[in-house]
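Chemist: My questions will all concern the structure given below.
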Amino acid sequence: MRPQRAVFVVLFALVAYVSLYTWNWKTGVLDRIVVVSGLEFVGGILTPGKWAQHHVTDFWTRYVDLVGVRQENDALLVQVDDFRLQMASLQQKAAQADRLLGLLDFSPPVHWKKVGARVVGHRLGPNAVLETILVDKGTASGVVRDSSVVSPLGVVGWIHRPGLHFSTVLLLIDPNSHVPVMGAQSRIPAIVVGQGPRKPLQVNYVPLNDVLPEGELLITSGLGGMFPKGLPVARVTSVQRSALSLFQDIQADPLVVPNTLEELLILLPYNSTREAVSVNALPPELVRTEEGGR
Amino acid sequence: MLFPRSWFALKKGGVKVGSWLWWTGYTLCAVWAQEWIAGIDFFSPGVILCLQAGQWRKALWLGIAWGILQEGTGALVFGAMLLFEVGLFCFFFWSKWLLEPENPLFVLFLSVFLVAWHEVIFVGLGSLQGLVVTWNPFPVLFLQLFAYVLTWAFVYPLFIGMVPRVAD
């Protein structure tokens, strides 16, 4: 290929790519297609696998693992082992029941309804550069972009990309998560920002004169409309004052550890005005910026 | 041998049944591997295998299909995986002038490029979209590098042993 022609081909490809990228950024057409196809496909693979994994593990721990023990030990030991197994199984079931009861007891604020969801995956693939999890609820269940995701312990994150039956949730610990909060006692408003996995949350915009003590619980302030007011978010762990800044340097630990989550709740406003706000043909990133940089 | 070589020549309605089974199995394994090790790519070694076997068209289709899948489960606006795959194809064709494609050193060389290319694309496009996307720490980069090389080293002998090396 002649050099001029090669340069022309490269330039043409570059222009075509930038045009496609910009068009998709403005319209979101390709995003919708790949989210539905990709999430449905991966969710479809992972969901039966998780089910099978659970049942195989259950079967193994209950029966297969103990064949040798039953043959080698006398009846009493077998009985004791059986009791232990049953107890372990019951403890697991009790813990699960507690978690599910917690979800059932969780009363969503007025004008918000809850949708239960299971975690089916975590950050999947090289394109998942943000801290996300995959849940088994999508637009078919009424889930929309920016829906808040909580557990009985506190705020987990919000829906980043809703698919038909599966959605990705952006976690509170991601640096792109900005949640308006306030002190449960002091009522001092602030913005909680994630700093990545295994790192505390940063509590921004607390003036030097305000007193936000260590150990204080931070709850959602309800500003911005994404989260209902009063949900627990984090607990303040360190407060430092700097002479160089107008604001205090405050850090807090999230109340929810994302890796241990199995079930969670998605909160949806009854009159889903957010849909009307967030669509309006604006690119999602611009919408987020306008709504307060979430 | 796990599967007889004749499987891959077995055609039903013009489609190689064994090939479909192989790539479906590879896709399922890669999805599960990506679920177990967060943020790591296990699909690119499959594309590299096709390119090494001279199956350009299959590499293209698999690249598109897996690209869509990865875009769907990802967090950025559509286009990052497309650019990543284009880089993979370009670098493969460019570097095979320097080294024999089936040489493990070639795969190591290609893997280093892919890891670096991934970082550049995703941090660049993330910032273009106003998102905070941080550079992966070195342990994660090395993990991805090992994942590429080890996956290739594990799958290549199976693949070459089973699939007739003809361009489709």
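Labeling convention for the structure tokens: chains A, B, ... as they appear, residues from 1 per chain, ligands from 1 in order of appearance.
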Counting only C-alpha atoms, which residues of segment 115-220 of chain A sit at most 12 Å from some atom of segment 127-131 of chain B, and what is each one's closest atom pair with its distance in Å to one decimal, listed by chain and rising residue number, as a Markdown table?

Modeler:
| residue | atom | partner | partner_atom | distance |
| --- | --- | --- | --- | --- |
| A:Val129 | CA | B:Leu131 | CA | 10.1 |
| A:Leu130 | CA | B:Leu131 | CA | 9.0 |
| A:Asp174 | CA | B:Leu131 | CA | 10.3 |
| A:Pro175 | CA | B:Leu131 | CA | 8.5 |
| A:Asn176 | CA | B:Leu131 | CA | 6.3 |
| A:Ser177 | CA | B:Leu131 | CA | 9.9 |
| A:His178 | CA | B:Leu131 | CA | 11.8 |

Chemist: Could you turn the residues from that selection into a file that holds N, CA and C atoms, as an mmCIF file, in the first residue's frame?

Modeler:
data_model
loop_
_atom_site.group_PDB
_atom_site.id
_atom_site.type_symbol
_atom_site.label_atom_id
_atom_site.label_comp_id
_atom_site.auth_asym_id
_atom_site.auth_seq_id
_atom_site.Cartn_x
_atom_site.Cartn_y
_atom_site.Cartn_z
ATOM 1 N N VAL A 129 -14.099 -0.600 34.388
ATOM 2 C CA VAL A 129 -13.035 0.142 35.065
ATOM 3 C C VAL A 129 -13.532 0.812 36.349
ATOM 4 N N LEU A 130 -14.838 0.868 36.527
ATOM 5 C CA LEU A 130 -15.379 1.460 37.755
ATOM 6 C C LEU A 130 -15.750 0.339 38.734
ATOM 7 N N ASP A 174 -16.587 3.868 44.746
ATOM 8 C CA ASP A 174 -15.953 4.316 43.501
ATOM 9 C C ASP A 174 -15.720 5.831 43.551
ATOM 10 N N PRO A 175 -14.594 6.289 43.016
ATOM 11 C CA PRO A 175 -14.309 7.735 43.041
ATOM 12 C C PRO A 175 -15.338 8.588 42.288
ATOM 13 N N ASN A 176 -16.169 7.950 41.458
ATOM 14 C CA ASN A 176 -17.192 8.717 40.738
ATOM 15 C C ASN A 176 -18.506 8.826 41.514
ATOM 16 N N SER A 177 -18.567 8.219 42.694
ATOM 17 C CA SER A 177 -19.775 8.307 43.522
ATOM 18 C C SER A 177 -19.707 9.545 44.408
ATOM 19 N N HIS A 178 -20.696 10.390 44.300
ATOM 20 C CA HIS A 178 -20.794 11.586 45.151
ATOM 21 C C HIS A 178 -22.176 11.573 45.798
#

Chemist: Give one line per residue of chain A that approaches chain B to at most 8 Å, naming the two atoms of the closest pair and their distance in Å to one decimal, counting only C-alpha atoms; sort by chain then ascending residue number and deliver it as CSV.

Modeler:
residue,atom,partner,partner_atom,distance
A:Tyr21,CA,B:Gly79,CA,6.1
A:Asn24,CA,B:Phe78,CA,7.1
A:Trp25,CA,B:Val77,CA,6.7
A:Leu30,CA,B:Phe78,CA,6.4
A:Asp31,CA,B:Phe78,CA,5.5
A:Val34,CA,B:Gly72,CA,4.5
A:Val35,CA,B:Gly72,CA,3.9
A:Val36,CA,B:Gly72,CA,6.9
A:Ser37,CA,B:Gly72,CA,6.6
A:Gly38,CA,B:Gly72,CA,4.0
A:Leu39,CA,B:Gly72,CA,5.5
A:Phe41,CA,B:Leu69,CA,7.4
A:Val42,CA,B:Val31,CA,6.9
A:Ile45,CA,B:Leu28,CA,7.0
A:Leu46,CA,B:Trp32,CA,7.2
A:Gly121,CA,B:Glu35,CA,6.1
A:His122,CA,B:Glu35,CA,6.2
A:Arg123,CA,B:Ala38,CA,5.0
A:Leu124,CA,B:Gln34,CA,5.4
A:Gly125,CA,B:Gly39,CA,4.6
A:Pro126,CA,B:Gly39,CA,4.9
A:Asn127,CA,B:Gly74,CA,4.5
A:Ala128,CA,B:Gly74,CA,4.1
A:Val129,CA,B:Ala75,CA,6.4
A:Leu130,CA,B:Ala75,CA,6.2
A:His160,CA,B:Ala75,CA,7.8
A:Arg161,CA,B:Ala75,CA,7.6
A:Thr168,CA,B:Thr73,CA,7.5
A:Pro175,CA,B:Val132,CA,6.1
A:Asn176,CA,B:Val132,CA,5.8
A:Glu285,CA,B:Gln129,CA,6.6

Chemist: Take the residues just selected and output them with C-alpha atoms as a short mmCIF file (atom, residue, chain, number, x, y, z; two decimals), in the first residue's frame.

Modeler:
data_model
loop_
_atom_site.label_atom_id
_atom_site.label_comp_id
_atom_site.auth_asym_id
_atom_site.auth_seq_id
_atom_site.Cartn_x
_atom_site.Cartn_y
_atom_site.Cartn_z
CA TYR A 21 -18.20 7.74 19.26
CA ASN A 24 -23.32 7.41 20.28
CA TRP A 25 -22.37 9.71 23.17
CA LEU A 30 -25.15 1.78 20.76
CA ASP A 31 -24.89 1.90 24.55
CA VAL A 34 -24.64 -3.35 24.06
CA VAL A 35 -25.98 -3.00 27.60
CA VAL A 36 -29.03 -5.09 26.81
CA SER A 37 -27.12 -7.71 24.80
CA GLY A 38 -24.00 -7.85 26.97
CA LEU A 39 -25.70 -7.81 30.36
CA PHE A 41 -25.83 -12.68 27.90
CA VAL A 42 -23.46 -12.53 30.86
CA ILE A 45 -24.48 -17.39 31.92
CA LEU A 46 -23.79 -16.43 35.53
CA GLY A 121 -21.48 -10.80 39.54
CA HIS A 122 -18.83 -8.26 40.28
CA ARG A 123 -16.57 -6.18 38.01
CA LEU A 124 -16.63 -8.14 34.78
CA GLY A 125 -13.89 -7.73 32.22
CA PRO A 126 -11.42 -5.05 31.27
CA ASN A 127 -14.12 -2.53 30.37
CA ALA A 128 -15.45 -2.53 33.93
CA VAL A 129 -13.03 0.14 35.06
CA LEU A 130 -15.38 1.46 37.76
CA HIS A 160 -25.28 2.91 36.63
CA ARG A 161 -26.42 0.98 33.55
CA THR A 168 -24.77 -2.68 36.95
CA PRO A 175 -14.31 7.74 43.04
CA ASN A 176 -17.19 8.72 40.74
CA GLU A 285 -22.45 12.06 32.01
#

Chemist: Restricting the calculation to only C-alpha atoms, which member of B:Pro101, B:Gly46, B:Gly124, B:Pro137 is positioned closest to Leu60 of chain B?

Modeler: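 The answer is B:Gly46, which sits nearest to Leu60 of chain B.
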
Chemist: Looking at only C-alpha atoms, which of B:Trp117, B:Phe91, B:Trp20, B:Phe109 is the one that sits closest to Phe146 of chain B?

Modeler: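 Checking each of B:Trp117, B:Phe91, B:Trp20, B:Phe109 against Phe146 of chain B, counting only C-alpha atoms, the winner is B:Phe109.
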
Chemist: With a distance cut-off of 12 Å and only C-alpha atoms, select the neighbouring residues of Ser245 of chain A, excluding the residue or stretch itself and same-chain residues fewer than 4 positions from it, and output the selection as an MDAnalysis selection string.

Modeler: chainID A and resid 204:209 240:241 249

Chemist: Based on the selection just made, write N, CA and C atoms of those residues as an mmCIF file, in the first residue's frame.

Modeler:
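The result, stored in result_24.cif:
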data_model
loop_
_atom_site.group_PDB
_atom_site.id
_atom_site.type_symbol
_atom_site.label_atom_id
_atom_site.label_comp_id
_atom_site.auth_asym_id
_atom_site.auth_seq_id
_atom_site.Cartn_x
_atom_site.Cartn_y
_atom_site.Cartn_z
ATOM 1 N N ASN A 204 -16.292 15.592 52.041
ATOM 2 C CA ASN A 204 -15.871 16.901 51.528
ATOM 3 C C ASN A 204 -16.797 18.045 51.975
ATOM 4 N N TYR A 205 -16.247 19.228 51.901
ATOM 5 C CA TYR A 205 -16.993 20.485 52.074
ATOM 6 C C TYR A 205 -17.571 20.683 53.485
ATOM 7 N N VAL A 206 -16.839 20.255 54.500
ATOM 8 C CA VAL A 206 -17.233 20.578 55.882
ATOM 9 C C VAL A 206 -16.342 21.748 56.333
ATOM 10 N N PRO A 207 -16.918 22.933 56.556
ATOM 11 C CA PRO A 207 -16.117 24.104 56.922
ATOM 12 C C PRO A 207 -15.330 23.889 58.219
ATOM 13 N N LEU A 208 -14.263 24.666 58.368
ATOM 14 C CA LEU A 208 -13.384 24.511 59.536
ATOM 15 C C LEU A 208 -14.116 24.744 60.848
ATOM 16 N N ASN A 209 -15.115 25.628 60.835
ATOM 17 C CA ASN A 209 -15.798 25.991 62.085
ATOM 18 C C ASN A 209 -16.808 24.941 62.545
ATOM 19 N N GLN A 240 -9.425 15.973 60.548
ATOM 20 C CA GLN A 240 -8.199 16.766 60.666
ATOM 21 C C GLN A 240 -8.455 18.155 60.105
ATOM 22 N N ARG A 241 -7.859 19.147 60.773
ATOM 23 C CA ARG A 241 -8.000 20.533 60.310
ATOM 24 C C ARG A 241 -6.673 20.985 59.705
ATOM 25 N N ASP A 249 -10.408 17.969 56.683
ATOM 26 C CA ASP A 249 -10.074 16.717 56.005
ATOM 27 C C ASP A 249 -10.684 15.577 56.820
#

Chemist: Return as a VMD selection string the full set of residues in segment 89-192 of chain A whose backbone-based DSSP assignment is strand (DSSP E or B).

Modeler: chain A and resid 112 to 121 132 to 135 148 to 151 154 to 162 167 to 171 178 to 183 189 to 192

Chemist: Write out, as a short mmCIF file (atom, residue, chain, number, x, y, z; two decimals), in the first residue's frame, the residues just selected, with N, CA and C atoms.

Modeler:
data_model
loop_
_atom_site.label_atom_id
_atom_site.label_comp_id
_atom_site.auth_asym_id
_atom_site.auth_seq_id
_atom_site.Cartn_x
_atom_site.Cartn_y
_atom_site.Cartn_z
N TRP A 112 -41.41 6.06 48.09
CA TRP A 112 -40.38 5.22 47.49
C TRP A 112 -40.82 3.77 47.64
N LYS A 113 -40.60 2.97 46.62
CA LYS A 113 -40.90 1.54 46.74
C LYS A 113 -39.62 0.74 46.57
N LYS A 114 -39.63 -0.48 47.12
CA LYS A 114 -38.39 -1.27 47.09
C LYS A 114 -38.54 -2.47 46.16
N VAL A 115 -37.44 -2.80 45.50
CA VAL A 115 -37.38 -4.00 44.65
C VAL A 115 -36.17 -4.81 45.13
N GLY A 116 -36.42 -6.05 45.53
CA GLY A 116 -35.32 -6.91 45.99
C GLY A 116 -34.50 -7.42 44.82
N ALA A 117 -33.19 -7.54 45.01
CA ALA A 117 -32.33 -8.02 43.93
C ALA A 117 -31.21 -8.86 44.51
N ARG A 118 -30.70 -9.77 43.69
CA ARG A 118 -29.56 -10.59 44.10
C ARG A 118 -28.32 -10.18 43.31
N VAL A 119 -27.18 -10.26 43.97
CA VAL A 119 -25.91 -9.96 43.29
C VAL A 119 -25.50 -11.20 42.50
N VAL A 120 -25.31 -11.05 41.19
CA VAL A 120 -24.90 -12.20 40.37
C VAL A 120 -23.47 -12.07 39.85
N GLY A 121 -22.85 -10.94 40.02
CA GLY A 121 -21.48 -10.80 39.54
C GLY A 121 -20.86 -9.52 40.05
N THR A 132 -18.06 -1.72 40.34
CA THR A 132 -19.46 -2.04 40.10
C THR A 132 -19.78 -3.46 40.51
N ILE A 133 -21.08 -3.74 40.67
CA ILE A 133 -21.55 -5.11 40.82
C ILE A 133 -22.72 -5.29 39.85
N LEU A 134 -23.01 -6.55 39.55
CA LEU A 134 -24.08 -6.89 38.62
C LEU A 134 -25.24 -7.48 39.42
N VAL A 135 -26.45 -6.94 39.25
CA VAL A 135 -27.62 -7.46 39.97
C VAL A 135 -28.66 -7.96 38.98
N SER A 148 -31.51 4.39 43.54
CA SER A 148 -30.61 4.15 44.67
C SER A 148 -30.65 2.68 45.08
N VAL A 149 -29.50 2.17 45.49
CA VAL A 149 -29.37 0.76 45.89
C VAL A 149 -28.90 0.73 47.34
N VAL A 150 -29.65 0.01 48.18
CA VAL A 150 -29.34 0.00 49.61
C VAL A 150 -29.40 -1.42 50.15
N SER A 151 -28.84 -1.60 51.33
CA SER A 151 -29.02 -2.84 52.09
C SER A 151 -29.50 -2.41 53.47
N GLY A 154 -27.07 -0.03 55.08
CA GLY A 154 -26.87 1.33 54.58
C GLY A 154 -26.82 1.40 53.07
N VAL A 155 -26.36 2.54 52.58
CA VAL A 155 -26.34 2.80 51.14
C VAL A 155 -25.24 1.97 50.48
N VAL A 156 -25.60 1.33 49.35
CA VAL A 156 -24.64 0.52 48.59
C VAL A 156 -24.11 1.31 47.39
N GLY A 157 -25.00 1.98 46.68
CA GLY A 157 -24.62 2.73 45.49
C GLY A 157 -25.84 3.11 44.69
N TRP A 158 -25.67 3.19 43.38
CA TRP A 158 -26.82 3.52 42.53
C TRP A 158 -26.69 2.83 41.19
N ILE A 159 -27.84 2.69 40.51
CA ILE A 159 -27.86 1.97 39.23
C ILE A 159 -27.12 2.81 38.18
N HIS A 160 -26.10 2.21 37.61
CA HIS A 160 -25.28 2.91 36.63
C HIS A 160 -25.76 2.63 35.21
N ARG A 161 -25.96 1.35 34.89
CA ARG A 161 -26.42 0.98 33.55
C ARG A 161 -27.51 -0.09 33.69
N PRO A 162 -28.78 0.28 33.51
CA PRO A 162 -29.83 -0.72 33.60
C PRO A 162 -30.00 -1.48 32.29
N SER A 167 -28.63 -5.32 35.81
CA SER A 167 -28.14 -3.94 35.83
C SER A 167 -26.78 -3.90 36.52
N THR A 168 -26.01 -2.88 36.20
CA THR A 168 -24.77 -2.68 36.95
C THR A 168 -25.00 -1.57 37.98
N VAL A 169 -24.44 -1.79 39.15
CA VAL A 169 -24.58 -0.83 40.26
C VAL A 169 -23.21 -0.20 40.52
N LEU A 170 -23.16 1.11 40.47
CA LEU A 170 -21.92 1.81 40.82
C LEU A 170 -21.86 1.91 42.34
N LEU A 171 -20.79 1.39 42.91
CA LEU A 171 -20.69 1.32 44.37
C LEU A 171 -20.27 2.65 44.98
N HIS A 178 -20.70 10.39 44.30
CA HIS A 178 -20.79 11.59 45.15
C HIS A 178 -22.18 11.57 45.80
N VAL A 179 -22.23 11.38 47.10
CA VAL A 179 -23.52 11.27 47.78
C VAL A 179 -23.66 12.41 48.79
N PRO A 180 -24.73 13.21 48.67
CA PRO A 180 -24.96 14.27 49.66
C PRO A 180 -25.39 13.66 51.00
N VAL A 181 -24.69 14.02 52.05
CA VAL A 181 -25.00 13.44 53.37
C VAL A 181 -25.09 14.56 54.41
N MET A 182 -25.44 14.15 55.64
CA MET A 182 -25.34 15.06 56.78
C MET A 182 -25.12 14.24 58.04
N GLY A 183 -24.58 14.88 59.05
CA GLY A 183 -24.36 14.18 60.31
C GLY A 183 -25.69 13.84 60.97
N PRO A 189 -24.12 19.36 56.74
CA PRO A 189 -24.15 18.76 55.40
C PRO A 189 -22.75 18.58 54.83
N ALA A 190 -22.59 17.57 53.99
CA ALA A 190 -21.30 17.29 53.34
C ALA A 190 -21.55 16.43 52.11
N ILE A 191 -20.49 16.19 51.37
CA ILE A 191 -20.57 15.29 50.22
C ILE A 191 -19.58 14.15 50.46
N VAL A 192 -20.08 12.92 50.38
CA VAL A 192 -19.21 11.75 50.56
C VAL A 192 -18.75 11.27 49.18
#

Chemist: List the neighbours of Asp253 of chain A out to 8 Å using only C-alpha atoms; skip same-chain residues closer than 4 positions along the sequence, and give me the result as a VMD selection string.

Modeler: chain A and resid 200 to 201 234 to 237

Chemist: Put those residues in a file: C-alpha atoms, as a CSV table (one decimal), in the first residue's frame.

Modeler:
chain,number,residue,atom,x,y,z
A,200,PRO,CA,-12.1,5.1,53.4
A,201,LEU,CA,-14.6,7.5,52.0
A,234,ALA,CA,-20.8,5.8,56.7
A,235,ARG,CA,-19.3,6.5,60.0
A,236,VAL,CA,-16.7,9.2,60.6
A,237,THR,CA,-13.3,7.8,61.4

Chemist: With only C-alpha atoms as the atoms that count, which of A:Gly28, A:Gly102, A:Pro3, A:Gly43 lies nearest to Gly138 of chain A?

Modeler: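 With only C-alpha atoms as the atom set, the closest residue is A:Gly43.
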
Chemist: Quick one: distance from atom CA of Ser111 of chain B to atom CA of Val155 of chain B in Å, one decimal?

Modeler: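 Computed distance, atom CA of Ser111 of chain B to atom CA of Val155 of chain B, equals 15.2 Å.
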
Chemist: To one decimal place in Å, what is the distance between atom CA of Leu268 of chain A and atom CA of Val143 of chain A?

Modeler: 7.1 Å

Chemist: What are the DSSP alpha helix (DSSP H) residues of segment 102-290 of chain A, as a list in words?

Modeler: Gly102, Leu103, Leu104, Asp105, Thr273, Arg274, Glu275, Ala276, Val277, Ser278, Pro284, Glu285, Leu286, Val287, Arg288, Thr289 and Glu290 of chain A
